[in-house]
Amino acid sequence: MGKGSGVFCAMLFSCLLLTGCAENPTEDIVVNKNEGKLEQAIQRENKKDSDTSVPEKYTDQFQADGEKIEVSVDASVTGLEGNKPVVRVKPHLITEEEAKRWADVLFEGATAYEPGEKSKTEIEDRILQLKERISDQDKLLEDYGSQEEADRIKKELEEEIKEYEKQYASASDTDEKIPCTWEFHPYGYYDDLPMPTSGDANYEGLDKTSQLIAQATVNGHQAMVEVDNREENDYRLNTQWFLYEDEQEWIKEETGTLSKEEAVKQADEIKNQLGMENWKYAEYKTSEAENIQNVMVTYTPSYESITAFQGSLIDLKSEDLYASNYYYSSLSIGFENGVLTSVELISPMDVVQIENENVETMDFEEIYQTFKKQAQAQFTESAFLDLDATETGKIQIEISEITEGLFRIKEKSNTEDFLMVPAWSFSGTLRVDGEDWGKQQFLMINGIDGSVINTSLGY
């Protein structure tokens, strides 16, 4: 079998390695270490007529870590209206039919093929494109901003040309492509790579991952759809991707931009075409670098018409006894210079059953006092600054949003299912010596029993 996409191998290995080093919060009042009390609370009948304890705004000030950290709360408060369900969910195994649907939509009618070696003609065209880029020194400088960076890119392109010249001798004279068979294969199949076995230094368990890749030429560029499924108990992996393999090279020629409203509208249309109407808007991010406007619109699933919180980067390979070892669910749709360049589905879930249509939750003031107690225990200088470096400064945490929604947790003894439970998110801005270090989610509190959810471990 010919070469597939090395970019996905790199991305997957990077994810696995990155998630192995997340730090755990200290002194958590964690979920599922309360000997069945949460499970009992989930089944309890809700005898409250309505939750009238939620204010529209909440203000407070306190200190943590002695007087090293100032916490100010001036937050809008958004509680759930109506029923608050608890939903049992399980990982969804992505199918061949779903891969085909993505290809039908995102390949824009182009025929899907099995990944394969490039023909002599394709290699010649590619070498010509690279040489044209190298020859335009002014364009390289414009694209990359400095002579040093332009020279670095030029060197990389020259190395790529040499690699293609090596491949040319053994390449096929004809452009023979095999129509996609829509079959899953062991991970590494598409690249003819021997997979490390258990005990090897680089073993990541990917030999237990199944993979499907389809490629197509879309608007003159190489595009691909990839699905990865892994159902082992040490960690699970269900992901689906679409991207252009050469996007960084041609996207600079595009000059369009998207406003937030335009990007969300286009992303909504794509999401619905992919059959994911129940995924709801969660976040919009944009940035500009090297003359490229990057836009990412992210969605999370909804349950009983309630949108789930977007989870943080979970510690996928944690050895913690209770860790979920499964990424949080998200769907991200990316645009560069106004062009759709990526779609990424991570950890889709199936609903098993509704555990409680309207669970009884704690009053807001109880939830807030739990947050305050935990913040005073957990917010330390070492948690926010690298004390091995020379970095010191006044730390301020400004809580600006307190929101109730659904969040996924793992049950202590259950390796198959998860629970979506009502939870409260406390988010805002971190400042060091007055400098804005960005918005982040500081704590997640289980609305049923007031336990603190360790979002990096999923419980």
# chains A, B, ... in the order shown; residues from 1 in each chain; ligands from 1
$ residues_around --residues "region 285-289 of chain A" --least-positions-apart "2" --cutoff "10 Å" --atoms "only C-alpha atoms" --output "PyMOL selection string"
chain A and resi 143-145+258-260+283+291-298+334-337
$ closest_atom_pairs --of "region 407-433 of chain A" --to "region 373-384 of chain A" --cutoff "12 Å" --atoms "only C-alpha atoms" --output "tab-separated table"
residue	atom	partner	partner_atom	distance
A:Phe426	CA	A:Ala375	CA	10.4
A:Leu430	CA	A:Phe384	CA	8.8
A:Arg431	CA	A:Phe384	CA	10.0
A:Val432	CA	A:Phe384	CA	9.2
$ atom_distance --atom1 "CA of Val54 (chain A)" --atom2 "CA of Val77 (chain A)"
7.3 Å
$ closest_residue --among "A:Ala216, A:Leu419, A:Ala308, A:Leu321" --to "Gly405 (chain A)" --atoms "only C-alpha atoms"
A:Ala308
$ closest_atom_pairs --of "region 276-386 of chain A" --to "region 104-126 of chain A" --cutoff "10 Å" --atoms "only C-alpha atoms" --output "JSON lines"
{"residue": "A:Leu340", "atom": "CA", "partner": "A:Leu106", "partner_atom": "CA", "distance": 9.2}
{"residue": "A:Thr341", "atom": "CA", "partner": "A:Leu106", "partner_atom": "CA", "distance": 9.8}
{"residue": "A:Ser342", "atom": "CA", "partner": "A:Leu106", "partner_atom": "CA", "distance": 9.5}
{"residue": "A:Val343", "atom": "CA", "partner": "A:Leu106", "partner_atom": "CA", "distance": 9.0}
$ write_last_selection --atoms "N, CA and C atoms" --output "short mmCIF file (atom, residue, chain, number, x, y, z; two decimals), in the first residue's frame"
data_model
loop_
_atom_site.label_atom_id
_atom_site.label_comp_id
_atom_site.auth_asym_id
_atom_site.auth_seq_id
_atom_site.Cartn_x
_atom_site.Cartn_y
_atom_site.Cartn_z
N LEU A 340 -12.66 27.20 3.62
CA LEU A 340 -12.76 26.05 4.52
C LEU A 340 -11.52 25.19 4.37
N THR A 341 -10.79 24.96 5.45
CA THR A 341 -9.57 24.16 5.37
C THR A 341 -9.56 22.95 6.29
N SER A 342 -10.45 22.88 7.29
CA SER A 342 -10.40 21.73 8.20
C SER A 342 -11.74 21.53 8.89
N VAL A 343 -12.04 20.27 9.16
CA VAL A 343 -13.16 19.89 10.02
C VAL A 343 -12.63 18.78 10.92
#
$ residues_around --residues "Lys271 (chain A)" --least-positions-apart "5" --cutoff "9 Å" --atoms "only C-alpha atoms" --output "VMD selection string"
chain A and resid 266 276 to 277 279 331 333
$ select_by_dssp --residues "region 136-346 of chain A" --states "helix (DSSP H, G or I)" --output "PyMOL selection string"
chain A and resi 137-144+147-168+189-191+206-208+247-253+260-273
$ residues_around --residues "region 204-214 of chain A" --least-positions-apart "2" --cutoff "6 Å" --atoms "only C-alpha atoms" --output "list in words"
Ala112, Tyr113, Glu114, Phe184, His185, Pro186, Tyr187, Met224, Val225, Glu226, Val227, Asp228, Asn229 and Arg230 of chain A
$ write_last_selection --atoms "all heavy atoms" --output "compact mmCIF listing (two decimals), in the first residue's frame"
# COMPACT_ATOMS: atom_id res chain seq x y z
N ALA A 112 -13.44 9.85 -4.47
CA ALA A 112 -12.55 9.49 -3.35
C ALA A 112 -11.69 8.29 -3.74
O ALA A 112 -12.19 7.31 -4.30
CB ALA A 112 -13.38 9.16 -2.12
N TYR A 113 -10.41 8.38 -3.43
CA TYR A 113 -9.46 7.32 -3.76
C TYR A 113 -8.73 6.84 -2.51
O TYR A 113 -8.65 7.54 -1.50
CB TYR A 113 -8.43 7.83 -4.77
CG TYR A 113 -8.99 8.17 -6.12
CD1 TYR A 113 -9.28 9.50 -6.46
CD2 TYR A 113 -9.25 7.18 -7.06
CE1 TYR A 113 -9.80 9.82 -7.71
CE2 TYR A 113 -9.77 7.50 -8.32
CZ TYR A 113 -10.05 8.81 -8.63
OH TYR A 113 -10.58 9.12 -9.86
N GLU A 114 -8.18 5.64 -2.63
CA GLU A 114 -7.26 5.14 -1.62
C GLU A 114 -5.97 5.97 -1.67
O GLU A 114 -5.56 6.42 -2.75
CB GLU A 114 -6.90 3.67 -1.89
CG GLU A 114 -8.04 2.70 -1.65
CD GLU A 114 -8.30 2.49 -0.17
OE1 GLU A 114 -7.38 2.00 0.54
OE2 GLU A 114 -9.42 2.81 0.28
N PHE A 184 -11.76 -0.23 7.01
CA PHE A 184 -10.83 0.10 8.09
C PHE A 184 -9.64 -0.85 8.06
O PHE A 184 -9.77 -2.03 7.73
CB PHE A 184 -11.53 0.03 9.45
CG PHE A 184 -12.33 1.25 9.79
CD1 PHE A 184 -13.68 1.31 9.48
CD2 PHE A 184 -11.74 2.34 10.40
CE1 PHE A 184 -14.43 2.44 9.79
CE2 PHE A 184 -12.47 3.48 10.71
CZ PHE A 184 -13.83 3.52 10.40
N HIS A 185 -8.47 -0.31 8.44
CA HIS A 185 -7.24 -1.08 8.47
C HIS A 185 -6.51 -0.79 9.78
O HIS A 185 -6.78 0.20 10.45
CB HIS A 185 -6.33 -0.70 7.30
CG HIS A 185 -6.94 -0.93 5.95
ND1 HIS A 185 -7.04 -2.17 5.39
CD2 HIS A 185 -7.50 -0.06 5.07
CE1 HIS A 185 -7.62 -2.07 4.19
NE2 HIS A 185 -7.92 -0.80 3.98
N PRO A 186 -5.56 -1.65 10.15
CA PRO A 186 -4.75 -1.36 11.35
C PRO A 186 -3.97 -0.07 11.15
O PRO A 186 -3.54 0.26 10.04
CB PRO A 186 -3.80 -2.57 11.43
CG PRO A 186 -4.50 -3.66 10.68
CD PRO A 186 -5.24 -2.97 9.57
N TYR A 187 -3.76 0.67 12.23
CA TYR A 187 -3.02 1.92 12.16
C TYR A 187 -1.62 1.66 11.62
O TYR A 187 -0.94 0.72 12.03
CB TYR A 187 -2.93 2.57 13.55
CG TYR A 187 -2.61 4.03 13.48
CD1 TYR A 187 -3.62 4.97 13.43
CD2 TYR A 187 -1.30 4.48 13.43
CE1 TYR A 187 -3.33 6.33 13.36
CE2 TYR A 187 -1.00 5.83 13.35
CZ TYR A 187 -2.03 6.75 13.31
OH TYR A 187 -1.73 8.09 13.22
N MET A 224 -8.19 15.21 2.21
CA MET A 224 -8.36 13.87 2.77
C MET A 224 -9.35 13.87 3.91
O MET A 224 -9.57 14.87 4.60
CB MET A 224 -7.02 13.31 3.22
CG MET A 224 -6.38 14.03 4.38
SD MET A 224 -4.73 13.36 4.75
CE MET A 224 -5.15 11.64 5.02
N VAL A 225 -9.98 12.70 4.09
CA VAL A 225 -10.82 12.41 5.25
C VAL A 225 -10.21 11.21 5.95
O VAL A 225 -9.87 10.22 5.30
CB VAL A 225 -12.28 12.10 4.83
CG1 VAL A 225 -13.06 11.48 5.98
CG2 VAL A 225 -12.98 13.38 4.35
N GLU A 226 -10.04 11.33 7.25
CA GLU A 226 -9.48 10.22 8.03
C GLU A 226 -10.35 9.93 9.24
O GLU A 226 -10.84 10.86 9.90
CB GLU A 226 -8.06 10.54 8.49
CG GLU A 226 -7.48 9.46 9.40
CD GLU A 226 -6.03 9.70 9.78
OE1 GLU A 226 -5.36 10.46 9.07
OE2 GLU A 226 -5.59 9.14 10.79
N VAL A 227 -10.53 8.66 9.54
CA VAL A 227 -11.24 8.21 10.74
C VAL A 227 -10.30 7.31 11.53
O VAL A 227 -9.64 6.43 10.96
CB VAL A 227 -12.52 7.43 10.40
CG1 VAL A 227 -13.17 6.88 11.67
CG2 VAL A 227 -13.50 8.31 9.64
N ASP A 228 -10.23 7.53 12.85
CA ASP A 228 -9.46 6.67 13.75
C ASP A 228 -10.37 6.19 14.87
O ASP A 228 -11.03 7.01 15.53
CB ASP A 228 -8.27 7.41 14.35
CG ASP A 228 -7.29 7.88 13.30
OD1 ASP A 228 -6.73 7.01 12.61
OD2 ASP A 228 -7.09 9.10 13.15
N ASN A 229 -10.41 4.89 15.10
CA ASN A 229 -11.21 4.31 16.17
C ASN A 229 -10.34 3.42 17.04
O ASN A 229 -9.55 2.62 16.53
CB ASN A 229 -12.36 3.45 15.62
CG ASN A 229 -13.51 4.28 15.07
OD1 ASN A 229 -13.84 5.32 15.62
ND2 ASN A 229 -14.11 3.82 13.99
N ARG A 230 -10.50 3.54 18.34
CA ARG A 230 -9.79 2.67 19.29
C ARG A 230 -10.71 2.41 20.47
O ARG A 230 -11.21 3.36 21.09
CB ARG A 230 -8.50 3.33 19.77
CG ARG A 230 -7.59 2.39 20.56
CD ARG A 230 -6.29 3.09 20.96
NE ARG A 230 -5.28 2.17 21.44
CZ ARG A 230 -5.23 1.69 22.68
NH1 ARG A 230 -6.12 2.08 23.58
NH2 ARG A 230 -4.27 0.85 23.04
$ closest_residue --among "A:Pro348, A:Lys166, A:Thr455, A:Gln240" --to "Leu313 (chain A)" --atoms "only C-alpha atoms"
A:Thr455
